[in-house]
2 protein chains.
Amino acid sequence: MQGKNLSDVIEAYLKKILANDEKVEISRSDIANLFDVVPSQINYVIKTRFTIQNGYTVESKRGGGGYIRIEKVKLLDNLDILDTLINAIGNSISQREGKAVIGTLLANELVTVNEADLLSAASDKQTLSIGNKELENEIRAKIMVSILNHLRYKS
Amino acid sequence: MQGKNLSDVIEAYLKKILANDEKVEISRSDIANLFDVVPSQINYVIKTRFTIQNGYTVESKRGGGGYIRIEKVKLLDNLDILDTLINAIGNSISQREGKAVIGTLLANELVTVNEADLLSAASDKQTLSIGNKELENEIRAKIMVSILNHLRYKS
DNA sequence: CCATCTTTGACTAATATTGACTTTTATTAT
DNA sequence: ATAATAAAAGTCAATATTAGTCAAAGATGG
């Protein structure tokens with residue numbers, strides 16, 4: 001199904017660890033060696049797949065004994081999750097980041113699968129296509145923030 | 001009758017796979033090579049023969065390891081209502097009219113109360129406020145049509 | 001002949017991969 | 001202690017690898 005793209009494979013590898021543990025601490029070069037990619041690709045994977053929108057935080061240290069630590073964000077309650085996501089969205093968000101937000105909402109059971117689908121439809125690139133990418137991203141942000149705010153009062 | 005042109009042949013090829021499996025994932029260029037057509041013809045086939053009206057959804061990803069995935073979905077009843085609403089919306093709809101559409105959806109139990117709330121939030125005047133009434137109405141129409149199309153099938 | 005459908009290809013957009021160069025931190029030598 | 005060196009990770013832009021769009025040209029059927 002998907003043996004093609006190394007970034008996805010690395011993502012899956014890390015998420016498998018994170019399924020059991022709260023955090024994972026890696027050596028960038030070790031992981032790069034393990035999958036036979038250049039070290040900076042690890043940064044790419046992290047930057048595209050382990051963002052705060054996805055529900056992860058990342059810390060690192062350089063130099064001898066350096067590391068990259070990926071942690072599932074530990075949120076106190078639903079309101080905390082919503083605040084965090086709203087903050088992460090700001091006033092502009094790409095479709096990709098938007099999907100990450102929806103994934104986090106679903107993972108935390110703040111929305112049902114059906115609601116997530118509706119949200120996806122509403123924030124889809126095709127849907128918001130008006131020939132101005134920055135405006136699209138701003139509208140997407142407004143829609144998502146509006147919905148997140150409504151979720152505060154959802155029973 | 002059928003099978004005359006290549007688009008039909010490609011359509012048949014994909015539908016034969018979909019007769020056994022729920023979904024099919026292809027590489028656009030591979031299929032284009034297989035049938036000796038330009039890649040964009042695959043897009044044409046998909047756009048004309050694998051629409052949501054026909055019971056298919058399509059996802060894709062570009063870049064390394066990219067793909068096009070076509071999935072068969074179970075269409076629900078009440079499609080005539082959706083068609084009517086989509087038709088009524090056209091490519092522009094005011095907030096007032098939008099509320100009416102949402103009301104119709106609720107009345108026909110095509111959405112839950114929570115989903116209706118979510119839809120309201122997404123199409124709210126304040127949410128879509130960008131200082132251009134006509135553009136706002138067009139975006140609202142796109143969002144609502146996109147969501148109505150999602151309501152055609154069950155995830 | 002006209003309308004619609006199909007085929008083609010030039011251009012665009014998104015995503016992934018790579019590598020040269022930079023920055024930070026730790027360790028070692030003086 | 002300080003300076004030099006080594007050992008990490010970070011940044012960024014170039015390149016590669018896909019898929020998408022759009023409109024023109026060609027084919028087909030009524």
# chains A, B, ... in the order shown; residues from 1 in each chain; ligands from 1
>>> calpha_fit_and_write(fixed="chain B", moving="chain A", output="compact mmCIF listing (two decimals) with N, CA and C atoms, in the first residue's frame")
# COMPACT_ATOMS: atom_id res chain seq x y z
N MET A 1 -25.68 11.66 -25.48
CA MET A 1 -25.96 12.66 -24.45
C MET A 1 -24.67 13.32 -23.99
N GLN A 2 -23.68 12.52 -23.68
CA GLN A 2 -22.46 13.14 -23.20
C GLN A 2 -21.25 12.32 -23.65
N GLY A 3 -20.91 12.45 -24.91
CA GLY A 3 -19.72 11.77 -25.39
C GLY A 3 -18.60 12.77 -25.54
N LYS A 4 -18.86 13.96 -25.00
CA LYS A 4 -18.00 15.07 -25.37
C LYS A 4 -16.78 15.23 -24.46
N ASN A 5 -17.05 15.18 -23.20
CA ASN A 5 -16.03 15.65 -22.28
C ASN A 5 -15.35 14.47 -21.58
N LEU A 6 -14.05 14.38 -21.82
CA LEU A 6 -13.32 13.20 -21.37
C LEU A 6 -13.26 13.08 -19.85
N SER A 7 -13.19 14.21 -19.17
CA SER A 7 -13.15 14.16 -17.71
C SER A 7 -14.41 13.48 -17.16
N ASP A 8 -15.56 13.77 -17.76
CA ASP A 8 -16.79 13.13 -17.33
C ASP A 8 -16.75 11.63 -17.62
N VAL A 9 -16.19 11.28 -18.75
CA VAL A 9 -16.12 9.87 -19.13
C VAL A 9 -15.23 9.11 -18.15
N ILE A 10 -14.11 9.70 -17.83
CA ILE A 10 -13.19 9.06 -16.89
C ILE A 10 -13.85 8.95 -15.51
N GLU A 11 -14.53 10.02 -15.11
CA GLU A 11 -15.25 9.99 -13.85
C GLU A 11 -16.26 8.83 -13.83
N ALA A 12 -17.01 8.71 -14.90
CA ALA A 12 -18.03 7.66 -14.96
C ALA A 12 -17.37 6.28 -14.89
N TYR A 13 -16.27 6.15 -15.58
CA TYR A 13 -15.56 4.86 -15.59
C TYR A 13 -15.16 4.46 -14.16
N LEU A 14 -14.60 5.40 -13.44
CA LEU A 14 -14.15 5.10 -12.08
C LEU A 14 -15.34 4.85 -11.14
N LYS A 15 -16.38 5.64 -11.32
CA LYS A 15 -17.53 5.48 -10.44
C LYS A 15 -18.28 4.18 -10.69
N LYS A 16 -18.18 3.72 -11.92
CA LYS A 16 -18.81 2.43 -12.23
C LYS A 16 -18.13 1.33 -11.43
N ILE A 17 -16.83 1.40 -11.38
CA ILE A 17 -16.09 0.41 -10.58
C ILE A 17 -16.47 0.55 -9.11
N LEU A 18 -16.55 1.81 -8.67
CA LEU A 18 -16.83 2.06 -7.26
C LEU A 18 -18.27 1.71 -6.87
N ALA A 19 -19.10 1.51 -7.86
CA ALA A 19 -20.47 1.11 -7.55
C ALA A 19 -20.49 -0.31 -7.02
N ASN A 20 -19.53 -1.09 -7.44
CA ASN A 20 -19.46 -2.48 -6.97
C ASN A 20 -18.48 -2.66 -5.82
N ASP A 21 -17.36 -1.97 -5.92
CA ASP A 21 -16.32 -2.15 -4.91
C ASP A 21 -16.21 -0.94 -4.01
N GLU A 22 -15.65 -1.14 -2.85
CA GLU A 22 -15.45 -0.05 -1.91
C GLU A 22 -14.36 0.89 -2.37
N LYS A 23 -13.41 0.34 -3.12
CA LYS A 23 -12.30 1.18 -3.56
C LYS A 23 -11.80 0.72 -4.92
N VAL A 24 -11.07 1.62 -5.56
CA VAL A 24 -10.47 1.27 -6.84
C VAL A 24 -9.02 1.76 -6.82
N GLU A 25 -8.16 0.92 -7.32
CA GLU A 25 -6.74 1.27 -7.34
C GLU A 25 -6.28 1.25 -8.79
N ILE A 26 -5.75 2.37 -9.22
CA ILE A 26 -5.38 2.48 -10.63
C ILE A 26 -3.92 2.89 -10.78
N SER A 27 -3.42 2.67 -11.96
CA SER A 27 -2.15 3.26 -12.38
C SER A 27 -2.49 4.50 -13.18
N ARG A 28 -1.98 5.64 -12.76
CA ARG A 28 -2.33 6.88 -13.43
C ARG A 28 -2.05 6.81 -14.92
N SER A 29 -0.88 6.33 -15.27
CA SER A 29 -0.51 6.32 -16.69
C SER A 29 -1.35 5.34 -17.49
N ASP A 30 -1.74 4.22 -16.87
CA ASP A 30 -2.59 3.28 -17.58
C ASP A 30 -3.92 3.91 -17.94
N ILE A 31 -4.53 4.58 -16.96
CA ILE A 31 -5.82 5.21 -17.22
C ILE A 31 -5.67 6.32 -18.25
N ALA A 32 -4.56 7.05 -18.12
CA ALA A 32 -4.32 8.12 -19.09
C ALA A 32 -4.21 7.53 -20.49
N ASN A 33 -3.53 6.42 -20.60
CA ASN A 33 -3.41 5.76 -21.91
C ASN A 33 -4.75 5.25 -22.40
N LEU A 34 -5.48 4.66 -21.48
CA LEU A 34 -6.77 4.09 -21.85
C LEU A 34 -7.69 5.11 -22.50
N PHE A 35 -7.65 6.34 -21.97
CA PHE A 35 -8.54 7.37 -22.51
C PHE A 35 -7.80 8.36 -23.39
N ASP A 36 -6.52 8.08 -23.61
CA ASP A 36 -5.71 8.92 -24.48
C ASP A 36 -5.69 10.38 -24.04
N VAL A 37 -5.35 10.57 -22.78
CA VAL A 37 -5.16 11.92 -22.25
C VAL A 37 -3.81 11.98 -21.56
N VAL A 38 -3.36 13.18 -21.25
CA VAL A 38 -2.10 13.29 -20.52
C VAL A 38 -2.34 12.86 -19.08
N PRO A 39 -1.33 12.32 -18.44
CA PRO A 39 -1.51 11.79 -17.08
C PRO A 39 -2.07 12.81 -16.10
N SER A 40 -1.67 14.05 -16.24
CA SER A 40 -2.12 15.02 -15.24
C SER A 40 -3.63 15.25 -15.31
N GLN A 41 -4.23 14.83 -16.40
CA GLN A 41 -5.68 14.99 -16.44
C GLN A 41 -6.35 14.07 -15.43
N ILE A 42 -5.73 12.99 -15.14
CA ILE A 42 -6.28 12.11 -14.12
C ILE A 42 -6.31 12.84 -12.78
N ASN A 43 -5.26 13.60 -12.51
CA ASN A 43 -5.26 14.40 -11.28
C ASN A 43 -6.40 15.40 -11.30
N TYR A 44 -6.62 16.00 -12.45
CA TYR A 44 -7.71 16.97 -12.57
C TYR A 44 -9.06 16.32 -12.27
N VAL A 45 -9.27 15.17 -12.84
CA VAL A 45 -10.54 14.46 -12.61
C VAL A 45 -10.72 14.17 -11.13
N ILE A 46 -9.66 13.70 -10.51
CA ILE A 46 -9.75 13.35 -9.10
C ILE A 46 -9.99 14.59 -8.25
N LYS A 47 -9.27 15.64 -8.59
CA LYS A 47 -9.38 16.84 -7.79
C LYS A 47 -10.75 17.50 -7.89
N THR A 48 -11.39 17.32 -9.03
CA THR A 48 -12.68 17.98 -9.22
C THR A 48 -13.87 17.07 -8.92
N ARG A 49 -13.65 15.75 -8.89
CA ARG A 49 -14.81 14.86 -8.80
C ARG A 49 -14.72 13.81 -7.70
N PHE A 50 -13.59 13.69 -7.08
CA PHE A 50 -13.47 12.68 -6.03
C PHE A 50 -12.94 13.31 -4.74
N THR A 51 -13.57 14.40 -4.37
CA THR A 51 -13.16 15.10 -3.15
C THR A 51 -13.87 14.50 -1.94
N ILE A 52 -13.47 14.96 -0.80
CA ILE A 52 -14.13 14.51 0.42
C ILE A 52 -15.58 14.97 0.45
N GLN A 53 -15.83 16.13 -0.17
CA GLN A 53 -17.22 16.59 -0.25
C GLN A 53 -18.08 15.62 -1.04
N ASN A 54 -17.42 14.95 -1.99
CA ASN A 54 -18.13 13.96 -2.80
C ASN A 54 -18.22 12.61 -2.09
N GLY A 55 -17.54 12.52 -0.99
CA GLY A 55 -17.58 11.27 -0.26
C GLY A 55 -16.48 10.29 -0.63
N TYR A 56 -15.36 10.81 -1.09
CA TYR A 56 -14.24 9.94 -1.45
C TYR A 56 -12.96 10.42 -0.79
N THR A 57 -12.09 9.48 -0.52
CA THR A 57 -10.73 9.83 -0.12
C THR A 57 -9.78 9.20 -1.12
N VAL A 58 -8.64 9.84 -1.25
CA VAL A 58 -7.67 9.39 -2.26
C VAL A 58 -6.30 9.28 -1.63
N GLU A 59 -5.65 8.16 -1.87
CA GLU A 59 -4.27 7.96 -1.46
C GLU A 59 -3.46 7.61 -2.70
N SER A 60 -2.19 7.88 -2.63
CA SER A 60 -1.36 7.52 -3.79
C SER A 60 0.07 7.26 -3.35
N LYS A 61 0.78 6.63 -4.23
CA LYS A 61 2.21 6.42 -4.00
C LYS A 61 2.92 6.59 -5.33
N ARG A 62 4.10 7.24 -5.26
CA ARG A 62 4.87 7.44 -6.50
C ARG A 62 5.88 6.31 -6.65
N GLY A 63 6.71 6.48 -7.63
CA GLY A 63 7.78 5.51 -7.82
C GLY A 63 7.30 4.18 -8.38
N GLY A 64 8.25 3.27 -8.51
CA GLY A 64 7.91 1.96 -9.07
C GLY A 64 6.76 1.31 -8.32
N GLY A 65 5.82 0.76 -9.08
CA GLY A 65 4.66 0.16 -8.44
C GLY A 65 3.74 1.18 -7.82
N GLY A 66 3.84 2.42 -8.26
CA GLY A 66 2.99 3.46 -7.72
C GLY A 66 1.53 3.24 -8.08
N TYR A 67 0.66 3.97 -7.43
CA TYR A 67 -0.77 3.79 -7.66
C TYR A 67 -1.54 5.01 -7.16
N ILE A 68 -2.78 5.06 -7.56
CA ILE A 68 -3.73 6.00 -6.98
C ILE A 68 -4.91 5.17 -6.51
N ARG A 69 -5.27 5.33 -5.28
CA ARG A 69 -6.37 4.55 -4.74
C ARG A 69 -7.49 5.48 -4.33
N ILE A 70 -8.65 5.24 -4.86
CA ILE A 70 -9.83 6.04 -4.52
C ILE A 70 -10.76 5.17 -3.70
N GLU A 71 -11.20 5.73 -2.60
CA GLU A 71 -12.01 4.95 -1.68
C GLU A 71 -13.26 5.71 -1.30
N LYS A 72 -14.37 5.01 -1.28
CA LYS A 72 -15.58 5.63 -0.75
C LYS A 72 -15.41 5.77 0.75
N VAL A 73 -15.66 6.97 1.26
CA VAL A 73 -15.43 7.13 2.69
C VAL A 73 -16.43 6.28 3.46
N LYS A 74 -15.90 5.64 4.45
CA LYS A 74 -16.71 4.73 5.24
C LYS A 74 -17.06 5.46 6.53
N LEU A 75 -18.28 5.92 6.59
CA LEU A 75 -18.67 6.71 7.74
C LEU A 75 -19.54 5.89 8.67
N LEU A 76 -19.31 6.09 9.93
CA LEU A 76 -19.94 5.24 10.93
C LEU A 76 -21.44 5.45 10.99
N ASP A 77 -21.84 6.71 11.08
CA ASP A 77 -23.25 7.01 11.21
C ASP A 77 -23.53 8.40 10.68
N ASN A 78 -24.75 8.81 10.77
CA ASN A 78 -25.13 10.10 10.22
C ASN A 78 -24.36 11.26 10.85
N LEU A 79 -24.15 11.16 12.14
CA LEU A 79 -23.43 12.25 12.80
C LEU A 79 -22.00 12.33 12.28
N ASP A 80 -21.43 11.21 12.02
CA ASP A 80 -20.08 11.17 11.47
C ASP A 80 -20.05 11.83 10.09
N ILE A 81 -21.05 11.51 9.29
CA ILE A 81 -21.14 12.13 7.96
C ILE A 81 -21.25 13.64 8.09
N LEU A 82 -22.13 14.08 8.97
CA LEU A 82 -22.34 15.52 9.13
C LEU A 82 -21.06 16.20 9.60
N ASP A 83 -20.40 15.60 10.57
CA ASP A 83 -19.16 16.19 11.06
C ASP A 83 -18.12 16.30 9.96
N THR A 84 -18.02 15.23 9.20
CA THR A 84 -17.04 15.22 8.10
C THR A 84 -17.34 16.32 7.09
N LEU A 85 -18.60 16.43 6.73
CA LEU A 85 -18.96 17.43 5.73
C LEU A 85 -18.79 18.85 6.28
N ILE A 86 -19.20 19.04 7.51
CA ILE A 86 -19.07 20.38 8.10
C ILE A 86 -17.59 20.77 8.13
N ASN A 87 -16.79 19.83 8.48
CA ASN A 87 -15.36 20.07 8.51
C ASN A 87 -14.82 20.41 7.12
N ALA A 88 -15.31 19.67 6.14
CA ALA A 88 -14.83 19.88 4.76
C ALA A 88 -15.28 21.24 4.23
N ILE A 89 -16.42 21.70 4.70
CA ILE A 89 -16.93 22.99 4.23
C ILE A 89 -16.09 24.13 4.78
N GLY A 90 -15.77 24.03 6.05
CA GLY A 90 -15.00 25.12 6.66
C GLY A 90 -15.80 26.39 6.65
N ASN A 91 -15.17 27.50 6.35
CA ASN A 91 -15.92 28.76 6.33
C ASN A 91 -16.06 29.35 4.93
N SER A 92 -15.79 28.54 3.93
CA SER A 92 -15.95 29.01 2.55
C SER A 92 -16.09 27.82 1.63
N ILE A 93 -17.04 27.90 0.72
CA ILE A 93 -17.24 26.77 -0.18
C ILE A 93 -17.80 27.26 -1.50
N SER A 94 -17.26 26.74 -2.60
CA SER A 94 -17.73 27.14 -3.93
C SER A 94 -19.04 26.43 -4.24
N GLN A 95 -19.69 26.90 -5.28
CA GLN A 95 -20.94 26.25 -5.65
C GLN A 95 -20.71 24.81 -6.03
N ARG A 96 -19.63 24.61 -6.74
CA ARG A 96 -19.33 23.26 -7.20
C ARG A 96 -19.16 22.29 -6.02
N GLU A 97 -18.38 22.74 -5.05
CA GLU A 97 -18.19 21.89 -3.86
C GLU A 97 -19.50 21.74 -3.10
N GLY A 98 -20.27 22.81 -3.08
CA GLY A 98 -21.56 22.76 -2.41
C GLY A 98 -22.46 21.70 -3.01
N LYS A 99 -22.45 21.62 -4.33
CA LYS A 99 -23.26 20.59 -4.99
C LYS A 99 -22.77 19.21 -4.62
N ALA A 100 -21.47 19.09 -4.49
CA ALA A 100 -20.92 17.79 -4.10
C ALA A 100 -21.42 17.40 -2.71
N VAL A 101 -21.44 18.37 -1.82
CA VAL A 101 -21.93 18.10 -0.46
C VAL A 101 -23.39 17.66 -0.49
N ILE A 102 -24.18 18.37 -1.26
CA ILE A 102 -25.60 18.02 -1.35
C ILE A 102 -25.77 16.61 -1.91
N GLY A 103 -24.93 16.30 -2.91
CA GLY A 103 -24.98 14.96 -3.48
C GLY A 103 -24.66 13.89 -2.44
N THR A 104 -23.71 14.18 -1.59
CA THR A 104 -23.34 13.22 -0.55
C THR A 104 -24.47 13.07 0.47
N LEU A 105 -25.10 14.18 0.82
CA LEU A 105 -26.23 14.11 1.75
C LEU A 105 -27.33 13.23 1.18
N LEU A 106 -27.59 13.42 -0.09
CA LEU A 106 -28.64 12.65 -0.75
C LEU A 106 -28.27 11.18 -0.82
N ALA A 107 -27.03 10.92 -1.18
CA ALA A 107 -26.58 9.54 -1.31
C ALA A 107 -26.68 8.79 0.02
N ASN A 108 -26.51 9.53 1.10
CA ASN A 108 -26.58 8.91 2.41
C ASN A 108 -27.95 9.05 3.06
N GLU A 109 -28.89 9.52 2.25
CA GLU A 109 -30.27 9.63 2.69
C GLU A 109 -30.43 10.49 3.94
N LEU A 110 -29.61 11.51 4.04
CA LEU A 110 -29.76 12.44 5.14
C LEU A 110 -30.78 13.51 4.80
N VAL A 111 -31.06 13.65 3.54
CA VAL A 111 -32.11 14.57 3.11
C VAL A 111 -32.93 13.88 2.02
N THR A 112 -34.14 14.36 1.82
CA THR A 112 -34.96 13.86 0.72
C THR A 112 -34.59 14.60 -0.56
N VAL A 113 -35.12 14.13 -1.65
CA VAL A 113 -34.86 14.80 -2.93
C VAL A 113 -35.36 16.23 -2.89
N ASN A 114 -36.55 16.41 -2.33
CA ASN A 114 -37.10 17.76 -2.24
C ASN A 114 -36.23 18.67 -1.39
N GLU A 115 -35.76 18.14 -0.28
CA GLU A 115 -34.91 18.95 0.59
C GLU A 115 -33.60 19.29 -0.11
N ALA A 116 -33.09 18.34 -0.85
CA ALA A 116 -31.86 18.59 -1.59
C ALA A 116 -32.08 19.70 -2.62
N ASP A 117 -33.24 19.68 -3.23
CA ASP A 117 -33.55 20.73 -4.21
C ASP A 117 -33.61 22.10 -3.53
N LEU A 118 -34.22 22.13 -2.37
CA LEU A 118 -34.30 23.41 -1.66
C LEU A 118 -32.90 23.90 -1.29
N LEU A 119 -32.09 22.96 -0.85
CA LEU A 119 -30.73 23.31 -0.48
C LEU A 119 -29.96 23.83 -1.70
N SER A 120 -30.17 23.17 -2.82
CA SER A 120 -29.52 23.63 -4.06
C SER A 120 -29.94 25.05 -4.38
N ALA A 121 -31.23 25.28 -4.27
CA ALA A 121 -31.75 26.61 -4.59
C ALA A 121 -31.13 27.65 -3.66
N ALA A 122 -31.04 27.30 -2.39
CA ALA A 122 -30.53 28.26 -1.42
C ALA A 122 -29.05 28.56 -1.63
N SER A 123 -28.31 27.59 -2.13
CA SER A 123 -26.87 27.79 -2.25
C SER A 123 -26.43 28.00 -3.68
N ASP A 124 -27.39 28.17 -4.55
CA ASP A 124 -27.08 28.41 -5.95
C ASP A 124 -26.30 29.70 -6.13
N LYS A 125 -25.47 29.69 -7.11
CA LYS A 125 -24.64 30.86 -7.39
C LYS A 125 -25.48 32.08 -7.74
N GLN A 126 -26.50 31.81 -8.53
CA GLN A 126 -27.40 32.89 -8.93
C GLN A 126 -28.07 33.50 -7.70
N THR A 127 -28.50 32.62 -6.83
CA THR A 127 -29.19 33.07 -5.64
C THR A 127 -28.31 33.97 -4.78
N LEU A 128 -27.07 33.55 -4.59
CA LEU A 128 -26.20 34.27 -3.67
C LEU A 128 -25.39 35.37 -4.36
N SER A 129 -25.69 35.59 -5.60
CA SER A 129 -24.92 36.58 -6.36
C SER A 129 -25.00 37.97 -5.76
N ILE A 130 -23.88 38.45 -5.26
CA ILE A 130 -23.84 39.81 -4.72
C ILE A 130 -22.61 40.55 -5.20
N GLY A 131 -21.92 39.95 -6.16
CA GLY A 131 -20.78 40.65 -6.76
C GLY A 131 -19.49 40.55 -5.97
N ASN A 132 -19.42 39.58 -5.09
CA ASN A 132 -18.20 39.39 -4.31
C ASN A 132 -18.06 37.90 -4.06
N LYS A 133 -17.24 37.29 -4.85
CA LYS A 133 -17.21 35.83 -4.87
C LYS A 133 -16.80 35.24 -3.52
N GLU A 134 -15.81 35.86 -2.91
CA GLU A 134 -15.36 35.28 -1.64
C GLU A 134 -16.46 35.38 -0.58
N LEU A 135 -17.13 36.52 -0.56
CA LEU A 135 -18.24 36.68 0.39
C LEU A 135 -19.35 35.67 0.08
N GLU A 136 -19.62 35.48 -1.20
CA GLU A 136 -20.63 34.50 -1.59
C GLU A 136 -20.27 33.12 -1.05
N ASN A 137 -19.03 32.76 -1.21
CA ASN A 137 -18.59 31.44 -0.75
C ASN A 137 -18.69 31.32 0.77
N GLU A 138 -18.44 32.43 1.44
CA GLU A 138 -18.54 32.40 2.90
C GLU A 138 -19.99 32.26 3.35
N ILE A 139 -20.87 33.00 2.68
CA ILE A 139 -22.29 32.90 3.02
C ILE A 139 -22.80 31.50 2.71
N ARG A 140 -22.38 30.98 1.57
CA ARG A 140 -22.80 29.63 1.22
C ARG A 140 -22.36 28.65 2.30
N ALA A 141 -21.15 28.82 2.79
CA ALA A 141 -20.65 27.93 3.83
C ALA A 141 -21.50 28.06 5.09
N LYS A 142 -21.85 29.28 5.45
CA LYS A 142 -22.66 29.47 6.65
C LYS A 142 -24.01 28.80 6.51
N ILE A 143 -24.62 29.00 5.36
CA ILE A 143 -25.93 28.40 5.14
C ILE A 143 -25.85 26.88 5.22
N MET A 144 -24.85 26.34 4.56
CA MET A 144 -24.77 24.88 4.52
C MET A 144 -24.44 24.30 5.90
N VAL A 145 -23.54 24.94 6.59
CA VAL A 145 -23.19 24.44 7.92
C VAL A 145 -24.41 24.54 8.84
N SER A 146 -25.11 25.64 8.73
CA SER A 146 -26.30 25.81 9.56
C SER A 146 -27.30 24.69 9.29
N ILE A 147 -27.50 24.39 8.04
CA ILE A 147 -28.47 23.34 7.70
C ILE A 147 -27.96 21.97 8.13
N LEU A 148 -26.69 21.73 7.93
CA LEU A 148 -26.14 20.45 8.36
C LEU A 148 -26.31 20.28 9.86
N ASN A 149 -26.11 21.34 10.59
CA ASN A 149 -26.28 21.25 12.04
C ASN A 149 -27.73 20.96 12.41
N HIS A 150 -28.65 21.53 11.64
CA HIS A 150 -30.05 21.25 11.91
C HIS A 150 -30.40 19.80 11.62
N LEU A 151 -29.68 19.22 10.66
CA LEU A 151 -29.97 17.84 10.28
C LEU A 151 -29.61 16.86 11.39
N ARG A 152 -28.81 17.33 12.32
CA ARG A 152 -28.46 16.47 13.45
C ARG A 152 -29.70 16.06 14.23
N TYR A 153 -30.66 16.95 14.24
CA TYR A 153 -31.82 16.71 15.10
C TYR A 153 -33.02 16.25 14.31
N LYS A 154 -32.82 16.06 13.06
CA LYS A 154 -33.95 15.64 12.23
C LYS A 154 -34.33 14.21 12.57
N SER A 155 -35.60 14.00 12.68
CA SER A 155 -36.05 12.66 13.06
C SER A 155 -35.89 11.69 11.90
>>> interface_residues(of="chain C", to="chain A", cutoff="7 Å", atoms="only C-alpha atoms (C1' of nucleotides)", output="list in words")
DT18, DT24, DT25 and DA26 of chain C
>>> atom_distance(atom1="atom C1' of C:DA16", atom2="atom C1' of D:DT18")
9.1 Å
>>> select_by_dssp(residues="stretch 81-148 of chain B", states="helix (DSSP H, G or I)", output="NGL selection string")
:B and (81-89 or 95-107 or 113-123 or 133-148)
>>> residues_around(residues="D:DA3", least_positions_apart="4", cutoff="12 Å", atoms="only C-alpha atoms (C1' of nucleotides)", output="list in words")
DT28, DA29 and DT30 of chain C
>>> interface_residues(of="chain D", to="chain B", cutoff="8 Å", atoms="only C-alpha atoms (C1' of nucleotides)", output="ChimeraX atom specification")
/D:17-20
>>> write_last_selection(atoms="C-alpha atoms (C1' of nucleotides)", output="PDB file, in the first residue's frame")
ATOM      1  C1'  DT D  17       9.011  13.439  -8.097  1.00  0.00           C
ATOM      2  C1'  DT D  18       4.748  13.245  -8.345  1.00  0.00           C
ATOM      3  C1'  DA D  19      -0.382  15.099  -9.481  1.00  0.00           C
ATOM      4  C1'  DG D  20      -3.619  19.172 -11.124  1.00  0.00           C
TER       5       DG D  20
END
>>> atom_distance(atom1="atom C1' of C:DT8", atom2="atom C1' of D:DG29")
21.4 Å
>>> select_by_dssp(residues="stretch 3-52 of chain A", states="strand (DSSP E or B)", output="list in words")
Lys23, Val24, Glu25 and Ile26 of chain A
